[in-house]
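So the structure is just underneath, and the comments pick up after that.
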Amino acid sequence: MSDRAHLPRLAVLCSGRGSNLGAIIEAISAGTLDAEIVGVFSDKPKCAALQRVSAALRWSAKPGDYASRSEFDQALGDAIAAVRPDWIVCAGYMRILDGAFVERFRGRMLNIHPSLLPRHRGLDTHQRALDAGDREHGASVHFVIPELDAGAVIAQVVIPVQPGDTPQSLAERVQAQEHRLLPEVLRWAVSGRLHERDATAVLDGHTLFTPRRLEFAE
Ligand code: GRF
């Protein structure tokens, strides 16, 4: 039996539905991810993601109530630091983080992004994959650095783009895979197998020159 006091501590940042947070919660309940969620943090106080955890674990604030991005991110960072997380997971956190925030948690902050990075950084990735005529699409988990969606990519899931696909159909298939990808990378992280070194991802002591491509049955 694991001793809860010694479980790796996860802080999760969300802005929306929180289905990736749900996948983390399910993996923990199923006993396949030995970790504890110590806080869920949001820039959208009304988002559905917050409702997935008990009120004691929620922190949210409206950026508009702060004088600047750096003041908001300072408050967010202080709230995160207060729960002493081992890993910080951006799981659908849709607000750009300022450089000081990222440096504060550098090397232990991960993000899940709905594209095969480095393709399609930023927003509207499903539409952009269709517009570009991509034959493959997917999702990536990467270390967060100050440049948006540009940190070392750890692992990816790939789906084929099919004739007749729409941004919605791609989003559905990509997200189903995200829900497998993110807990898997977190398993590596919390078991001490994953590190960021010299701006690269290192798994089991080996630099990942290309991201791990994972396959999960539908
Ligand atoms: C996911 O597709 C994730 O890749 C992106 O935002 C979406 C969040 O979905 N960053 P959810 O809030 O986890 O349901």
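Ligands are numbered from 1 in the order shown, residues from 1 within each chain, and chains are lettered A, B, ... in the order they appear in the structure tokens.
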Contacts of chain A with ligand 1 up to 6 Å, shortest pair per row, only C-alpha atoms and all ligand atoms, as CSV:
```
residue,atom,partner,partner_atom_place_in_ligand_line,distance
A:Gly16,CA,ligand 1,12 (O),4.3
A:Arg17,CA,ligand 1,12 (O),3.9
A:Gly18,CA,ligand 1,12 (O),3.5
A:Ser19,CA,ligand 1,14 (O),3.5
A:Asn20,CA,ligand 1,13 (O),3.7
A:Leu21,CA,ligand 1,13 (O),5.9
A:Ala91,CA,ligand 1,13 (O),5.4
A:Gly92,CA,ligand 1,8 (C),3.6
A:Ile112,CA,ligand 1,4 (O),4.9
A:His113,CA,ligand 1,4 (O),4.0
A:Pro114,CA,ligand 1,4 (O),4.1
A:Gln175,CA,ligand 1,2 (O),5.6
```
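Neighbours of Ala100 of chain A closer than or equal to 10 Å, with only C-alpha atoms counted and sequence neighbours fewer than 6 positions away skipped, come out as Ser70, Asp73, Gln74, Gly77, Arg106 and Pro146 of chain A.
Excluding Arg52 of chain A and any residue on its chain fewer than 3 positions from it, the residues at most 12 Å away by only C-alpha atoms are Val12, Cys14, Gly16, Arg17, Gly18, Ser19, Asn20, Leu21, Gly22, Ala23, Ile24, Ile25, Glu26, Ile37, Gly39, Val40, Phe41, Lys46, Cys47, Ala48, Ala49, Ala55, Ala56, Leu57 and Arg58 of chain A.
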Saved selection, atoms kept: C-alpha atoms, as a PDB file, in the first residue's frame:
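Saved as out-v4.pdb:
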```pdb
ATOM      1  CA  VAL A  12      -3.092  20.785 -12.465  1.00  0.00           C
ATOM      2  CA  CYS A  14      -7.140  23.998 -16.469  1.00  0.00           C
ATOM      3  CA  GLY A  16     -12.197  24.435 -19.711  1.00  0.00           C
ATOM      4  CA  ARG A  17     -13.951  21.109 -19.642  1.00  0.00           C
ATOM      5  CA  GLY A  18     -11.172  19.320 -17.799  1.00  0.00           C
ATOM      6  CA  SER A  19     -11.426  15.980 -19.569  1.00  0.00           C
ATOM      7  CA  ASN A  20      -7.652  15.550 -19.281  1.00  0.00           C
ATOM      8  CA  LEU A  21      -7.895  16.298 -15.561  1.00  0.00           C
ATOM      9  CA  GLY A  22     -10.650  13.653 -15.484  1.00  0.00           C
ATOM     10  CA  ALA A  23      -8.255  11.165 -17.105  1.00  0.00           C
ATOM     11  CA  ILE A  24      -5.640  11.893 -14.418  1.00  0.00           C
ATOM     12  CA  ILE A  25      -8.234  11.461 -11.669  1.00  0.00           C
ATOM     13  CA  GLU A  26      -9.379   8.153 -13.187  1.00  0.00           C
ATOM     14  CA  ILE A  37      -3.704  15.901  -6.938  1.00  0.00           C
ATOM     15  CA  GLY A  39      -4.583  21.512  -6.332  1.00  0.00           C
ATOM     16  CA  VAL A  40      -6.456  22.494  -9.490  1.00  0.00           C
ATOM     17  CA  PHE A  41      -5.810  26.045 -10.652  1.00  0.00           C
ATOM     18  CA  LYS A  46     -16.670  29.018 -13.712  1.00  0.00           C
ATOM     19  CA  CYS A  47     -14.973  26.319 -15.752  1.00  0.00           C
ATOM     20  CA  ALA A  48     -16.241  22.755 -15.541  1.00  0.00           C
ATOM     21  CA  ALA A  49     -12.774  21.415 -14.757  1.00  0.00           C
ATOM     22  CA  ALA A  55     -13.703  22.721  -3.196  1.00  0.00           C
ATOM     23  CA  ALA A  56     -10.665  22.459  -0.918  1.00  0.00           C
ATOM     24  CA  LEU A  57      -8.493  21.669  -3.942  1.00  0.00           C
ATOM     25  CA  ARG A  58      -9.716  24.547  -6.122  1.00  0.00           C
TER      26      ARG A  58
END
```
Query - 10 Å contact set for Ala189 of chain A, only C-alpha atoms, chain neighbours under 2 positions out, as a ChimeraX atom specification - result: /A:8,86-87,108,110,183-187,191-195,203
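Nearest-residue note for Tyr93 of chain A: choosing from A:Ala201, A:Val38, A:Leu13, A:Val157, the minimum distance belongs to A:Leu13, counting only C-alpha atoms.
Coordinates place atom CA of Lys62 of chain A at a distance of 26.7 Å from atom CA of Leu182 of chain A.
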**Report entry** 6 Å contact set for Glu136 of chain A, only C-alpha atoms, chain neighbours under 2 positions out, as a PyMOL selection string
**Finding:** chain A and resi 134+159-161
If you keep C-alpha atoms, can you produce a file of those selected residues as a tab-separated table (two decimals), in the first residue's frame?
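The file below, selection.tsv, is the result:
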```
chain	number	residue	atom	x	y	z
A	134	ASP	CA	-1.87	16.91	-43.05
A	159	ILE	CA	-4.07	9.61	-35.58
A	160	PRO	CA	-4.64	9.39	-39.33
A	161	VAL	CA	-6.61	12.24	-40.89
```
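Here the question is which of A:Arg9, A:His120, A:Arg180, A:Arg197 gets nearest to Ala82 of chain A using only C-alpha atoms, and that residue is A:Arg9.
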Query raised in the report: Please, which residues of segment 13-87 of chain A, numbered as in this document, come out strand (DSSP E) from DSSP, as a PyMOL selection string?
Result: chain A and resi 13-14+36-42+58-60+87
Query raised in the report: What is the distance, in Å and to one decimal place, between atom CA of Pro167 of chain A and atom CA of Arg128 of chain A?
Result: 8.7 Å
Report task. Fewer than 2 positions away in the same chain doesn't count, so skip those; otherwise give me all residues within 12 Å of Phe101 of chain A, counting only C-alpha atoms, as a PyMOL selection string. Result -> chain A and resi 69-81+88+96-99+103-106+109+144-146
Export, as a PDB file, in the first residue's frame, the selected residues with C-alpha atoms.
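Output (result03.pdb):
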```pdb
ATOM      1  CA  ARG A  69      -0.257  39.404 -16.598  1.00  0.00           C
ATOM      2  CA  SER A  70       2.763  39.256 -14.304  1.00  0.00           C
ATOM      3  CA  GLU A  71       0.666  40.109 -11.232  1.00  0.00           C
ATOM      4  CA  PHE A  72      -1.857  37.418 -12.084  1.00  0.00           C
ATOM      5  CA  ASP A  73       0.878  34.878 -12.730  1.00  0.00           C
ATOM      6  CA  GLN A  74       2.602  35.847  -9.481  1.00  0.00           C
ATOM      7  CA  ALA A  75      -0.625  35.127  -7.551  1.00  0.00           C
ATOM      8  CA  LEU A  76      -1.154  31.887  -9.480  1.00  0.00           C
ATOM      9  CA  GLY A  77       2.456  30.872  -8.862  1.00  0.00           C
ATOM     10  CA  ASP A  78       2.229  31.637  -5.148  1.00  0.00           C
ATOM     11  CA  ALA A  79      -0.931  29.534  -4.854  1.00  0.00           C
ATOM     12  CA  ILE A  80       0.750  26.656  -6.691  1.00  0.00           C
ATOM     13  CA  ALA A  81       3.947  26.909  -4.635  1.00  0.00           C
ATOM     14  CA  ILE A  88       2.775  21.075 -12.528  1.00  0.00           C
ATOM     15  CA  ILE A  96      -0.187  32.330 -21.916  1.00  0.00           C
ATOM     16  CA  LEU A  97       2.160  32.095 -18.894  1.00  0.00           C
ATOM     17  CA  ASP A  98       4.726  34.805 -18.348  1.00  0.00           C
ATOM     18  CA  GLY A  99       8.439  34.058 -18.400  1.00  0.00           C
ATOM     19  CA  GLU A 103      11.216  29.897 -14.855  1.00  0.00           C
ATOM     20  CA  ARG A 104       9.865  29.437 -11.345  1.00  0.00           C
ATOM     21  CA  PHE A 105       8.667  25.916 -12.154  1.00  0.00           C
ATOM     22  CA  ARG A 106      11.030  25.103 -15.024  1.00  0.00           C
ATOM     23  CA  MET A 109       5.995  21.730 -15.691  1.00  0.00           C
ATOM     24  CA  VAL A 144       6.954  24.125 -20.704  1.00  0.00           C
ATOM     25  CA  ILE A 145       9.449  26.863 -21.556  1.00  0.00           C
ATOM     26  CA  PRO A 146       8.759  30.599 -21.944  1.00  0.00           C
TER      27      PRO A 146
END
```
Query raised in the report: Residues of segment 2-82 of chain A in helix (DSSP H, G or I) according to DSSP, as JSON, numbers by chain?
Result: {"A": [4, 5, 6, 19, 20, 21, 22, 23, 24, 25, 26, 27, 28, 29, 48, 49, 50, 51, 52, 55, 56, 57, 63, 64, 65, 69, 70, 71, 72, 73, 74, 75, 76, 77, 78, 79, 80, 81, 82]}
Query raised in the report: Within 10 Å of Ala176 of chain A, counting only C-alpha atoms, which residues qualify if same-chain residues fewer than 2 places away don't, as a list in words?
Result: Ser19, Asn20, Ala23, Leu170, Ala171, Glu172, Arg173, Val174, Glu178, His179, Arg180, Leu181, Phe216 and Glu218 of chain A
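What separates atom CA of Lys44 of chain A from atom CA of Ser15 of chain A is a distance of 5.6 Å.
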